[in-house]
Amino acid sequence: MANAEWERLKEALRQAATPEARKQAAEAMRRYLESQKGKGSKRTLVSLGYGKTYPHAIPLDEIPDELEKSPEFFELMGRIVKEK
């Protein structure tokens with residue numbers, strides 16, 4: 001099930017950074033994180049980007065909120081799934 005949730009998240013992140021797409025990505029990330037509960041310690045995403053409008057270290061459980069409110073963060077996450 002976690003793999004299916006990950007695929008849904010990737011598809012949501014491949015869309016243009018519209019408010020609706022950001023909301024879909026946030027919901028997909030919430031479902032993915034829910035499927036990962038109890039699998040290790042509390043994880044944090046760290047970005048070494050300088051001068052960005054989003055936080056540089058963000059706990060995974062806060063990513064959905066950041067996806068929804070920040071187009072720049074949405075684009076960063078989208079680059080992760082678009083790169084091969």
# chains A, B, ... in the order shown; residues from 1 in each chain; ligands from 1
call {"tool": "select_by_dssp", "arguments": {"residues": "stretch 34-78 of chain A", "states": "helix (DSSP H, G or I)", "output": "PyMOL selection string"}}
result
chain A and resi 34-35+60-69+71-78
call {"tool": "write_last_selection", "arguments": {"atoms": "C-alpha atoms", "output": "mmCIF file, in the first residue's frame"}}
result
data_model
loop_
_atom_site.group_PDB
_atom_site.id
_atom_site.type_symbol
_atom_site.label_atom_id
_atom_site.label_comp_id
_atom_site.auth_asym_id
_atom_site.auth_seq_id
_atom_site.Cartn_x
_atom_site.Cartn_y
_atom_site.Cartn_z
ATOM 1 C CA GLU A 34 0.044 7.761 7.339
ATOM 2 C CA SER A 35 1.087 4.557 5.560
ATOM 3 C CA LEU A 60 8.150 15.090 7.393
ATOM 4 C CA ASP A 61 4.791 15.469 9.102
ATOM 5 C CA GLU A 62 4.869 19.225 8.321
ATOM 6 C CA ILE A 63 5.579 18.779 4.604
ATOM 7 C CA PRO A 64 1.900 18.602 3.553
ATOM 8 C CA ASP A 65 1.224 22.042 5.040
ATOM 9 C CA GLU A 66 4.312 23.486 3.361
ATOM 10 C CA LEU A 67 3.334 21.912 0.018
ATOM 11 C CA GLU A 68 -0.057 23.562 0.209
ATOM 12 C CA LYS A 69 1.125 27.068 1.063
ATOM 13 C CA PRO A 71 4.671 27.146 -4.616
ATOM 14 C CA GLU A 72 8.470 27.291 -4.335
ATOM 15 C CA PHE A 73 8.535 24.279 -2.003
ATOM 16 C CA PHE A 74 6.096 22.451 -4.292
ATOM 17 C CA GLU A 75 8.517 23.039 -7.193
ATOM 18 C CA LEU A 76 11.433 21.719 -5.118
ATOM 19 C CA MET A 77 9.543 18.532 -4.270
ATOM 20 C CA GLY A 78 8.428 18.227 -7.906
#
call {"tool": "residues_around", "arguments": {"residues": "A:Lys10", "least_positions_apart": "2", "cutoff": "9 Å", "atoms": "only C-alpha atoms", "output": "ChimeraX atom specification"}}
result
/A:5-8,12-14,25,28,78,80-82
call {"tool": "atom_distance", "arguments": {"atom1": "atom CA of A:Thr44", "atom2": "atom CA of A:Ile58"}}
result
5.5 Å
